[in-house]
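S.K.: Contents of upload.txt (compact mmCIF, C-alpha atoms) are given next:
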# COMPACT_ATOMS: atom_id res chain seq x y z
CA MET A 2 0.00 0.00 0.00
CA SER A 3 2.79 2.44 -0.99
CA ALA A 4 0.20 5.00 -2.10
CA TYR A 5 -0.63 5.61 1.57
CA LYS A 6 1.62 7.05 4.30
CA SER A 7 0.54 4.48 6.89
CA ASP A 8 -1.64 1.41 7.36
CA VAL A 9 -4.16 3.55 9.25
CA GLU A 10 -4.54 5.78 6.18
CA ALA A 11 -4.85 2.67 4.01
CA VAL A 12 -7.65 1.24 6.20
CA ASP A 13 -9.46 4.61 5.93
CA ALA A 14 -9.09 4.35 2.13
CA LEU A 15 -10.51 0.82 2.21
CA ALA A 16 -13.53 2.02 4.22
CA SER A 17 -14.21 4.92 1.83
CA SER A 18 -13.74 2.66 -1.26
CA TYR A 19 -16.27 0.26 0.25
CA LYS A 20 -18.80 3.12 0.67
CA GLU A 21 -18.27 4.19 -2.96
CA LEU A 22 -18.65 0.60 -4.16
CA LYS A 23 -21.88 0.16 -2.24
CA LYS A 24 -23.28 3.43 -3.58
CA GLU A 25 -22.40 2.54 -7.17
CA ILE A 26 -23.82 -1.01 -6.90
CA GLY A 27 -26.95 0.53 -5.33
CA LYS A 28 -27.69 2.26 -8.65
CA VAL A 29 -28.54 -1.17 -10.09
CA ILE A 30 -29.26 -3.42 -7.08
CA VAL A 31 -32.09 -2.19 -4.87
CA GLY A 32 -31.90 -3.31 -1.23
CA GLN A 33 -29.95 -6.52 -0.47
CA ASP A 34 -27.53 -4.39 1.61
CA GLU A 35 -26.26 -7.28 3.73
CA VAL A 36 -25.73 -9.44 0.65
CA VAL A 37 -23.73 -6.72 -1.15
CA LYS A 38 -21.68 -6.08 2.00
CA SER A 39 -20.90 -9.80 2.45
CA VAL A 40 -19.82 -10.27 -1.17
CA ILE A 41 -17.50 -7.23 -0.99
CA ILE A 42 -16.02 -8.48 2.31
CA SER A 43 -15.32 -11.88 0.74
CA LEU A 44 -13.63 -10.18 -2.25
CA PHE A 45 -11.37 -8.06 -0.02
CA SER A 46 -10.61 -11.19 2.04
CA ASN A 47 -9.66 -13.10 -1.14
CA GLY A 48 -12.48 -15.61 -0.58
CA HIS A 49 -15.22 -17.12 -2.77
CA SER A 50 -18.96 -16.80 -2.12
CA LEU A 51 -22.00 -18.99 -2.70
CA LEU A 52 -25.26 -17.06 -3.17
CA VAL A 53 -28.33 -19.11 -2.32
CA GLY A 54 -31.79 -17.86 -3.26
CA VAL A 55 -34.88 -18.55 -5.35
CA PRO A 56 -34.91 -17.46 -9.02
CA GLY A 57 -35.39 -13.78 -9.86
CA LEU A 58 -33.61 -12.24 -6.86
CA ALA A 59 -30.90 -10.61 -9.05
CA LYS A 60 -28.09 -12.96 -8.03
CA THR A 61 -26.54 -12.94 -11.53
CA LEU A 62 -27.12 -9.20 -11.95
CA LEU A 63 -25.41 -8.53 -8.62
CA VAL A 64 -22.28 -10.43 -9.65
CA SER A 65 -22.02 -8.80 -13.10
CA THR A 66 -22.58 -5.34 -11.53
CA ILE A 67 -19.79 -5.94 -8.99
CA ALA A 68 -17.43 -7.05 -11.78
CA GLU A 69 -18.21 -3.89 -13.76
CA VAL A 70 -17.77 -1.52 -10.80
CA LEU A 71 -14.47 -3.21 -9.91
CA ASP A 72 -13.20 -2.98 -13.53
CA LEU A 73 -12.34 -6.69 -13.56
CA GLY A 74 -12.58 -9.43 -16.19
CA PHE A 75 -15.88 -11.29 -15.88
CA LYS A 76 -17.03 -14.65 -17.26
CA ARG A 77 -20.30 -16.44 -16.66
CA ILE A 78 -20.53 -20.24 -16.81
CA GLN A 79 -24.01 -21.73 -16.95
CA PHE A 80 -23.74 -25.09 -15.17
CA THR A 81 -25.77 -27.83 -16.84
CA PRO A 82 -25.84 -31.64 -16.50
CA ASP A 83 -23.84 -32.10 -19.73
CA LEU A 84 -21.07 -29.60 -18.89
CA MET A 85 -17.60 -31.20 -19.02
CA PRO A 86 -14.53 -30.20 -16.93
CA SER A 87 -12.70 -29.08 -20.11
CA ASP A 88 -15.61 -26.68 -20.86
CA ILE A 89 -14.55 -24.79 -17.73
CA THR A 90 -10.77 -25.16 -17.53
CA GLY A 91 -9.95 -25.25 -21.23
CA SER A 92 -8.26 -27.99 -23.25
CA GLU A 93 -5.28 -28.87 -25.41
CA ILE A 94 -5.88 -28.37 -29.13
CA LEU A 95 -3.73 -29.16 -32.14
CA ASP A 96 -2.73 -25.94 -33.92
CA GLU A 97 -1.86 -25.55 -37.63
CA ASP A 98 1.83 -26.38 -36.92
CA ARG A 99 0.81 -29.75 -35.45
CA HIS A 100 1.73 -28.61 -31.92
CA PHE A 101 -0.54 -28.94 -28.91
CA LYS A 102 -1.66 -25.56 -27.63
CA PHE A 103 -3.62 -24.85 -24.47
CA ASN A 104 -6.92 -23.14 -25.22
CA LYS A 105 -7.99 -21.29 -22.05
CA GLY A 106 -11.48 -21.88 -20.74
CA PRO A 107 -13.83 -19.33 -19.09
CA LEU A 108 -12.20 -20.02 -15.71
CA PHE A 109 -9.35 -17.71 -16.78
CA SER A 110 -10.95 -14.49 -15.62
CA ASN A 111 -10.94 -12.33 -12.47
CA ILE A 112 -14.56 -12.93 -11.48
CA VAL A 113 -16.18 -16.19 -12.53
CA LEU A 114 -19.92 -16.57 -12.04
CA ALA A 115 -20.74 -20.26 -11.60
CA ASP A 116 -24.45 -20.02 -12.31
CA GLU A 117 -26.59 -22.78 -10.74
CA ILE A 118 -23.47 -24.67 -9.68
CA ASN A 119 -25.45 -27.62 -8.30
CA ARG A 120 -26.87 -28.49 -11.74
CA THR A 121 -23.65 -30.11 -12.94
CA PRO A 122 -22.31 -33.59 -12.00
CA PRO A 123 -19.56 -34.01 -9.36
CA LYS A 124 -16.88 -34.62 -12.03
CA THR A 125 -17.38 -31.11 -13.41
CA GLN A 126 -17.81 -29.54 -9.96
CA ALA A 127 -14.44 -31.06 -9.04
CA ALA A 128 -12.78 -29.06 -11.84
CA LEU A 129 -13.29 -26.01 -9.63
CA LEU A 130 -11.57 -27.48 -6.54
CA GLU A 131 -7.97 -26.78 -7.61
CA ALA A 132 -8.90 -23.41 -9.10
CA MET A 133 -10.59 -22.22 -5.90
CA GLN A 134 -7.84 -23.37 -3.56
CA GLU A 135 -4.56 -23.15 -5.51
CA ARG A 136 -5.68 -20.45 -7.98
CA SER A 137 -4.46 -22.63 -10.85
CA VAL A 138 -5.65 -25.45 -13.13
CA THR A 139 -3.73 -28.51 -14.31
CA VAL A 140 -4.46 -29.72 -17.84
CA ALA A 141 -2.54 -32.58 -19.47
CA GLY A 142 0.00 -32.49 -16.65
CA THR A 143 0.78 -28.77 -17.05
CA ARG A 144 -0.13 -26.25 -14.37
CA HIS A 145 -1.66 -22.98 -15.58
CA VAL A 146 -1.88 -20.09 -13.10
CA LEU A 147 -5.16 -18.15 -13.02
CA PRO A 148 -5.19 -14.33 -13.16
CA ALA A 149 -5.11 -12.40 -9.87
CA PRO A 150 -7.38 -11.42 -8.24
CA PHE A 151 -9.53 -14.51 -8.81
CA PHE A 152 -12.99 -15.04 -7.32
CA VAL A 153 -15.65 -17.67 -7.84
CA LEU A 154 -19.12 -16.35 -7.08
CA ALA A 155 -21.55 -19.24 -7.42
CA THR A 156 -25.34 -19.23 -7.32
CA GLN A 157 -27.59 -22.03 -6.14
CA ASN A 158 -31.35 -22.41 -6.21
CA PRO A 159 -32.63 -23.98 -2.96
CA ILE A 160 -36.06 -25.10 -4.17
CA GLU A 161 -35.79 -27.03 -7.44
CA GLN A 162 -33.94 -30.10 -6.32
CA GLU A 163 -34.95 -32.09 -9.42
CA GLY A 164 -31.89 -32.77 -11.54
CA THR A 165 -29.43 -31.28 -9.08
CA TYR A 166 -26.24 -32.68 -7.59
CA PRO A 167 -25.63 -31.51 -4.00
CA LEU A 168 -22.21 -29.88 -3.60
CA PRO A 169 -19.75 -32.17 -1.79
CA GLU A 170 -18.37 -30.99 1.56
CA ALA A 171 -14.90 -30.36 0.09
CA GLN A 172 -16.43 -28.04 -2.49
CA LEU A 173 -18.60 -26.20 0.06
CA ASP A 174 -15.59 -25.72 2.33
CA ARG A 175 -13.81 -23.82 -0.46
CA PHE A 176 -16.43 -21.07 -0.20
CA MET A 177 -15.64 -18.45 2.42
CA PHE A 178 -19.29 -17.33 2.68
CA ASN A 179 -22.66 -18.94 2.05
CA ILE A 180 -24.97 -15.95 1.57
CA PRO A 181 -28.76 -16.42 1.67
CA LEU A 182 -30.87 -14.04 -0.42
CA ASP A 183 -34.42 -13.23 0.57
CA TYR A 184 -37.33 -11.56 -1.20
CA PRO A 185 -37.19 -7.74 -1.35
CA SER A 186 -39.51 -5.71 0.88
CA TYR A 187 -42.70 -4.25 -0.62
CA GLN A 188 -41.13 -0.80 -1.09
CA GLU A 189 -37.93 -2.26 -2.55
CA GLU A 190 -39.94 -4.31 -5.03
CA ILE A 191 -41.81 -1.19 -6.15
CA SER A 192 -38.43 0.50 -6.79
CA VAL A 193 -37.14 -2.57 -8.67
CA VAL A 194 -40.19 -2.72 -10.93
CA LYS A 195 -40.11 1.06 -11.53
CA ASN A 196 -36.42 0.97 -12.49
CA THR A 197 -36.54 -2.15 -14.64
CA THR A 198 -39.67 -1.37 -16.67
CA SER A 199 -38.54 2.05 -17.90
CA ASN A 200 -35.99 2.93 -20.58
CA VAL A 201 -33.53 4.56 -18.15
CA LYS A 202 -29.99 3.26 -18.64
CA VAL A 203 -27.64 3.31 -15.66
CA GLU A 204 -24.01 4.30 -16.26
CA LEU A 205 -21.66 2.66 -13.76
CA LYS A 206 -18.28 4.10 -12.77
CA HIS A 207 -15.18 1.97 -12.17
CA ILE A 208 -14.27 2.34 -8.49
CA LEU A 209 -11.27 0.01 -8.07
CA ASN A 210 -8.90 -1.86 -10.37
CA ASP A 211 -7.12 -5.21 -9.92
CA THR A 212 -3.92 -3.66 -8.45
CA GLN A 213 -5.87 -1.77 -5.77
CA ILE A 214 -7.91 -4.86 -4.88
CA LEU A 215 -4.75 -6.98 -4.47
CA ALA A 216 -3.25 -4.25 -2.26
CA PHE A 217 -6.40 -4.14 -0.09
CA GLN A 218 -6.31 -7.95 0.23
CA GLN A 219 -2.76 -7.68 1.60
CA LEU A 220 -3.86 -4.88 3.92
CA VAL A 221 -6.71 -6.96 5.40
CA ARG A 222 -4.19 -9.66 6.36
CA LYS A 223 -2.01 -7.05 8.09
CA ILE A 224 -4.84 -5.80 10.35
CA PRO A 225 -3.97 -6.77 13.94
CA VAL A 226 -6.34 -8.97 15.93
CA SER A 227 -6.30 -9.34 19.72
CA ASP A 228 -5.89 -12.77 21.32
CA ASN A 229 -9.36 -12.74 22.89
CA VAL A 230 -11.02 -12.16 19.47
CA LEU A 231 -8.88 -14.87 17.86
CA GLU A 232 -9.75 -17.30 20.65
CA TYR A 233 -13.45 -16.41 20.39
CA ALA A 234 -13.43 -17.21 16.64
CA VAL A 235 -11.62 -20.54 17.08
CA ASN A 236 -13.85 -21.43 20.04
CA LEU A 237 -16.95 -20.73 17.91
CA ALA A 238 -15.75 -23.11 15.18
CA THR A 239 -14.69 -25.87 17.61
CA LYS A 240 -18.06 -25.71 19.41
CA THR A 241 -19.75 -26.95 16.20
CA ARG A 242 -17.96 -30.32 16.32
CA PRO A 243 -20.16 -33.00 17.94
CA GLY A 244 -18.54 -35.39 20.37
CA THR A 245 -15.68 -33.03 21.26
CA GLU A 246 -15.12 -31.42 24.67
CA ARG A 247 -16.29 -27.94 23.57
CA ALA A 248 -19.44 -29.11 21.78
CA THR A 249 -22.70 -27.76 23.21
CA PRO A 250 -25.63 -30.09 24.03
CA LYS A 251 -27.55 -28.68 21.04
CA VAL A 252 -24.61 -29.45 18.73
CA ASN A 253 -24.36 -33.03 20.04
CA ASP A 254 -28.11 -33.45 19.56
CA TYR A 255 -28.55 -31.96 16.11
CA ILE A 256 -25.26 -31.98 14.19
CA SER A 257 -23.59 -34.97 12.57
CA TRP A 258 -20.55 -33.04 11.29
CA GLY A 259 -19.01 -29.72 12.34
CA ALA A 260 -16.87 -26.97 10.82
CA GLY A 261 -13.17 -27.56 10.10
CA PRO A 262 -10.15 -25.28 10.72
CA ARG A 263 -10.88 -23.33 7.53
CA ALA A 264 -13.94 -21.92 9.32
CA SER A 265 -11.70 -20.48 12.07
CA GLN A 266 -9.42 -18.88 9.47
CA TYR A 267 -12.35 -17.31 7.60
CA LEU A 268 -13.99 -16.09 10.82
CA VAL A 269 -10.80 -14.16 11.67
CA LEU A 270 -10.19 -12.88 8.11
CA GLY A 271 -13.84 -11.90 7.67
CA ALA A 272 -13.90 -10.14 11.06
CA LYS A 273 -10.76 -8.16 10.10
CA CYS A 274 -12.33 -7.06 6.83
CA HIS A 275 -15.72 -6.31 8.44
CA ALA A 276 -13.94 -4.10 10.98
CA ALA A 277 -12.02 -2.28 8.21
CA VAL A 278 -15.09 -1.51 6.06
CA SER A 279 -16.86 -0.33 9.23
CA GLY A 280 -14.05 2.18 9.88
CA LYS A 281 -12.34 0.26 12.72
CA TYR A 282 -8.63 -0.57 12.86
CA SER A 283 -8.96 -3.88 14.68
CA PRO A 284 -11.83 -6.40 14.89
CA ASP A 285 -13.78 -7.13 18.05
CA ILE A 286 -16.07 -10.02 19.02
CA GLU A 287 -19.06 -8.27 17.45
CA ASP A 288 -17.35 -8.41 14.01
CA VAL A 289 -16.92 -12.19 14.39
CA ARG A 290 -20.59 -12.58 15.32
CA VAL A 291 -21.83 -10.54 12.33
CA ILE A 292 -20.14 -12.83 9.79
CA ALA A 293 -20.40 -16.13 11.75
CA ASN A 294 -23.63 -17.20 10.06
CA TYR A 295 -22.18 -16.79 6.54
CA VAL A 296 -19.01 -18.72 7.45
CA LEU A 297 -20.60 -21.58 9.42
CA ARG A 298 -23.99 -22.29 7.85
CA HIS A 299 -22.60 -24.43 4.99
CA ARG A 300 -19.95 -26.11 7.14
CA ILE A 301 -22.25 -27.85 9.61
CA VAL A 302 -24.27 -30.89 8.63
CA ARG A 303 -27.58 -31.41 10.43
CA ASN A 304 -28.71 -34.92 11.37
CA TYR A 305 -32.14 -36.51 10.87
CA LYS A 306 -33.34 -35.36 14.28
CA ALA A 307 -32.66 -31.70 13.39
CA GLU A 308 -34.51 -32.05 10.08
CA ALA A 309 -37.44 -33.84 11.72
CA GLU A 310 -37.76 -31.17 14.42
CA GLY A 311 -37.24 -28.25 12.00
CA VAL A 312 -34.03 -27.05 13.65
CA THR A 313 -32.15 -24.91 11.11
CA GLU A 314 -28.43 -24.18 10.81
CA GLU A 315 -29.15 -20.56 11.81
CA MET A 316 -30.83 -21.69 15.06
CA ILE A 317 -27.85 -23.87 15.97
CA ILE A 318 -25.31 -21.09 15.18
CA LYS A 319 -27.34 -18.60 17.24
CA SER A 320 -27.26 -20.99 20.20
CA LEU A 321 -23.43 -20.99 20.06
CA PHE A 322 -23.30 -17.31 21.00
Show the structure stored in the file as structure tokens.

M.R.:
Amino acid sequence: MSAYKSDVEAVDALASSYKELKKEIGKVIVGQDEVVKSVIISLFSNGHSLLVGVPGLAKTLLVSTIAEVLDLGFKRIQFTPDLMPSDITGSEILDEDRHFKFNKGPLFSNIVLADEINRTPPKTQAALLEAMQERSVTVAGTRHVLPAPFFVLATQNPIEQEGTYPLPEAQLDRFMFNIPLDYPSYQEEISVVKNTTSNVKVELKHILNDTQILAFQQLVRKIPVSDNVLEYAVNLATKTRPGTERATPKVNDYISWGAGPRASQYLVLGAKCHAAVSGKYSPDIEDVRVIANYVLRHRIVRNYKAEAEGVTEEMIIKSLF
């Protein structure tokens, strides 16, 4: 962050950039403030996000708007049952000189929208695993590095489970946040309909470029965190593991599998970033609590008893506080 005299000045710049981003995205996306905030936090934390909501809640529009405001490369992949791994990563082709040449797939972009990610078979879903973790893909034994910054923003429809393939735990764990989208309020829906049924075109400004985003990602990691906040985050994650000494009675009753160490890492990183965009220079326990639901809800697996009694992930996470 050489453009700034100190880290404090850089954190102030991050907070003001976040406000500008939110304002610019707000020209297109009405409401959904918490969703927009969570996606931006995951971007600054160098994490991927899974957006879960019924059709028509502007999930795809949100992602393309964010890509435009951030002046980043953007590719959309529509996941279907017949999609092959090479359709995402790219493949080796024979050029006119009879040499094999790697033809890059849509994964080689800064922001990749994996639309309806659960509609494709596990073989194709697995093509994302290396990309999301190592930021590279291996094709025909050769490793190809993806551009930086690199984010996967995936969407999933929770209601139509016909013809879907549930995401495996390893895939879910690669996502920093699982962000639920809800219906807009009555007033918000009026604004949406008013804006989208007229001929008014919205011009979006570019707020940040790839260099600035990479610098902010480094800055987030440099933000100091006190031991009590770190311990609170780790304690929260370990409490979700049934059969362990820290597990709560509710966890032992209703959970068959808890969150792994990646949850602890993302709780701390997310809390740091949440503090920064809120204008604070160090996270407190409240910052961990705000993002806990997004980090933990896809990392805990409910058992039959929880499903039978209608106990949701959110209820269990709330009980951990």

S.K.: Taking all atoms listed in the file into account, produce a table as JSON lines in which each residue of stretch 24-87 of chain A with an atom at most 9 Å from an atom of stretch 125-135 of chain A appears once, together with its shortest atom pair and the distance in Å to one decimal, ordered by chain and rising number.

M.R.:
{"residue": "A:Gly48", "atom": "CA", "partner": "A:Met133", "partner_atom": "CA", "distance": 8.7}
{"residue": "A:His49", "atom": "CA", "partner": "A:Met133", "partner_atom": "CA", "distance": 7.6}
{"residue": "A:Phe80", "atom": "CA", "partner": "A:Thr125", "partner_atom": "CA", "distance": 8.9}
{"residue": "A:Leu84", "atom": "CA", "partner": "A:Thr125", "partner_atom": "CA", "distance": 6.8}
{"residue": "A:Met85", "atom": "CA", "partner": "A:Thr125", "partner_atom": "CA", "distance": 5.6}
{"residue": "A:Pro86", "atom": "CA", "partner": "A:Thr125", "partner_atom": "CA", "distance": 4.6}
{"residue": "A:Ser87", "atom": "CA", "partner": "A:Ala128", "partner_atom": "CA", "distance": 8.3}

S.K.: Tell me, as a compact mmCIF listing (two decimals) with C-alpha atoms, in the coordinates of the input, which residues lie within 10 Å of A:Gly27, counting all atoms listed in the file; anything in the same chain fewer than 5 positions away does not count.

M.R.:
# COMPACT_ATOMS: atom_id res chain seq x y z
CA GLU A 21 -18.27 4.19 -2.96
CA LEU A 22 -18.65 0.60 -4.16
CA GLY A 32 -31.90 -3.31 -1.23
CA GLN A 33 -29.95 -6.52 -0.47
CA ASP A 34 -27.53 -4.39 1.61
CA VAL A 37 -23.73 -6.72 -1.15
CA LEU A 63 -25.41 -8.53 -8.62
CA THR A 66 -22.58 -5.34 -11.53

S.K.: For A:Phe45, list every protein, DNA or RNA residue within 8 Å, evaluated using only C-alpha atoms, and leave out those in the same chain fewer than 6 positions away; present the list as a VMD selection string.

M.R.: chain A and resid 214 217 to 218 221 274

S.K.: What's around A:Leu108 at 10 Å? Count all atoms listed in the file, leave out sequence neighbours fewer than 5 positions away in its own chain, and write the answer as a list in words.

M.R.: Phe75, Lys76, Arg77, Ile78, Asp88, Ile89, Thr90, Gly91, Val113, Leu114, Ala115, Ala128, Leu129, Ala132, Ser137, Val138, Leu147, Pro148, Phe151, Phe152 and Val153 of chain A

S.K.: Between atom CA of A:Ala155 and atom CA of A:Ser65, what is the distance, to one decimal in Å?

M.R.: 11.9 Å

S.K.: Compile the contact shell of A:Asn47 as an MDAnalysis selection string: residues with an atom at most 12 Å away, counting all atoms listed in the file, same-chain residues fewer than 3 positions apart removed.

M.R.: chainID A and resid 40:44 50 111:112 133:134 136 149:154 175:178 214:222 267 270:271 274

S.K.: With distances taken over all atoms listed in the file, which of A:Leu173, A:Ala309, A:Ala260, A:Leu268 is nearest to A:Leu52?

M.R.: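 Result for the nearest residue to A:Leu52: A:Leu173.
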
S.K.: Taking 6 positions as the minimum chain separation for residues in the same chain, which residues sit within 12 Å of A:Pro56 when counting all atoms listed in the file? Answer as an mmCIF file with C-alpha atoms, keeping the file's coordinate frame.

M.R.:
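selection_13.cif was written with the following content:
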data_model
loop_
_atom_site.group_PDB
_atom_site.id
_atom_site.type_symbol
_atom_site.label_atom_id
_atom_site.label_comp_id
_atom_site.auth_asym_id
_atom_site.auth_seq_id
_atom_site.Cartn_x
_atom_site.Cartn_y
_atom_site.Cartn_z
ATOM 1 C CA LEU A 62 -27.120 -9.200 -11.950
ATOM 2 C CA ASP A 116 -24.450 -20.020 -12.310
ATOM 3 C CA GLU A 117 -26.590 -22.780 -10.740
ATOM 4 C CA THR A 156 -25.340 -19.230 -7.320
ATOM 5 C CA GLN A 157 -27.590 -22.030 -6.140
ATOM 6 C CA ASN A 158 -31.350 -22.410 -6.210
ATOM 7 C CA PRO A 159 -32.630 -23.980 -2.960
ATOM 8 C CA ILE A 160 -36.060 -25.100 -4.170
ATOM 9 C CA GLU A 161 -35.790 -27.030 -7.440
ATOM 10 C CA LEU A 182 -30.870 -14.040 -0.420
ATOM 11 C CA ASP A 183 -34.420 -13.230 0.570
ATOM 12 C CA TYR A 184 -37.330 -11.560 -1.200
#

S.K.: Ranking A:Val9, A:Leu58, A:Ala141, A:Leu209 by minimum distance to A:Leu73 and counting only C-alpha atoms, which one comes first?

M.R.: A:Leu209

S.K.: Find the smallest box with edges along x, y and z containing every listed atom of stretch 237-250 of chain A, then add 3 Å on each side and report centre and edge lengths in Å to one decimal, as lines of an AutoDock Vina configuration file.

M.R.:
center_x = -20.2
center_y = -28.1
center_z = 19.9
size_x = 16.9
size_y = 20.7
size_z = 15.5

S.K.: Here is a test: counting all atoms listed in the file, which residue of A:Ala234, A:Ile118, A:Ile26, A:Leu51 is nearest to A:Val269?

M.R.: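 Using all atoms listed in the file, A:Val269 sits closest to A:Ala234.
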
S.K.: When you draw a straight line from atom CA of A:Ala277 to atom CA of A:Ala14, how long is it in Å?

M.R.: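 Rounded to one decimal, the two atoms are 9.5 Å apart.
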
S.K.: With distances taken over only C-alpha atoms, which of A:Glu190, A:Glu69, A:Asp228, A:Asp174 is nearest to A:Ala264?

M.R.: A:Asp174

S.K.: Give as a list in words every residue, naming chains and numbers as the document does, that has an atom within 7 Å of (-11.4, -22.9, 15.2), counting only C-alpha atoms.

M.R.: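 Counting only C-alpha atoms, I find these residues within 7 Å of (-11.4, -22.9, 15.2): Ala234, Val235, Asn236, Leu237, Ala238, Thr239, Pro262, Ala264 and Ser265 of chain A.
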
S.K.: With C-alpha atoms retained, export the selected residues as a PDB file, keeping the file's coordinate frame.

M.R.:
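And here is the file that came out, selection.pdb:
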ATOM      1  CA  ALA A 234     -13.430 -17.210  16.640  1.00  0.00           C
ATOM      2  CA  VAL A 235     -11.620 -20.540  17.080  1.00  0.00           C
ATOM      3  CA  ASN A 236     -13.850 -21.430  20.040  1.00  0.00           C
ATOM      4  CA  LEU A 237     -16.950 -20.730  17.910  1.00  0.00           C
ATOM      5  CA  ALA A 238     -15.750 -23.110  15.180  1.00  0.00           C
ATOM      6  CA  THR A 239     -14.690 -25.870  17.610  1.00  0.00           C
ATOM      7  CA  PRO A 262     -10.150 -25.280  10.720  1.00  0.00           C
ATOM      8  CA  ALA A 264     -13.940 -21.920   9.320  1.00  0.00           C
ATOM      9  CA  SER A 265     -11.700 -20.480  12.070  1.00  0.00           C
TER      10      SER A 265
END
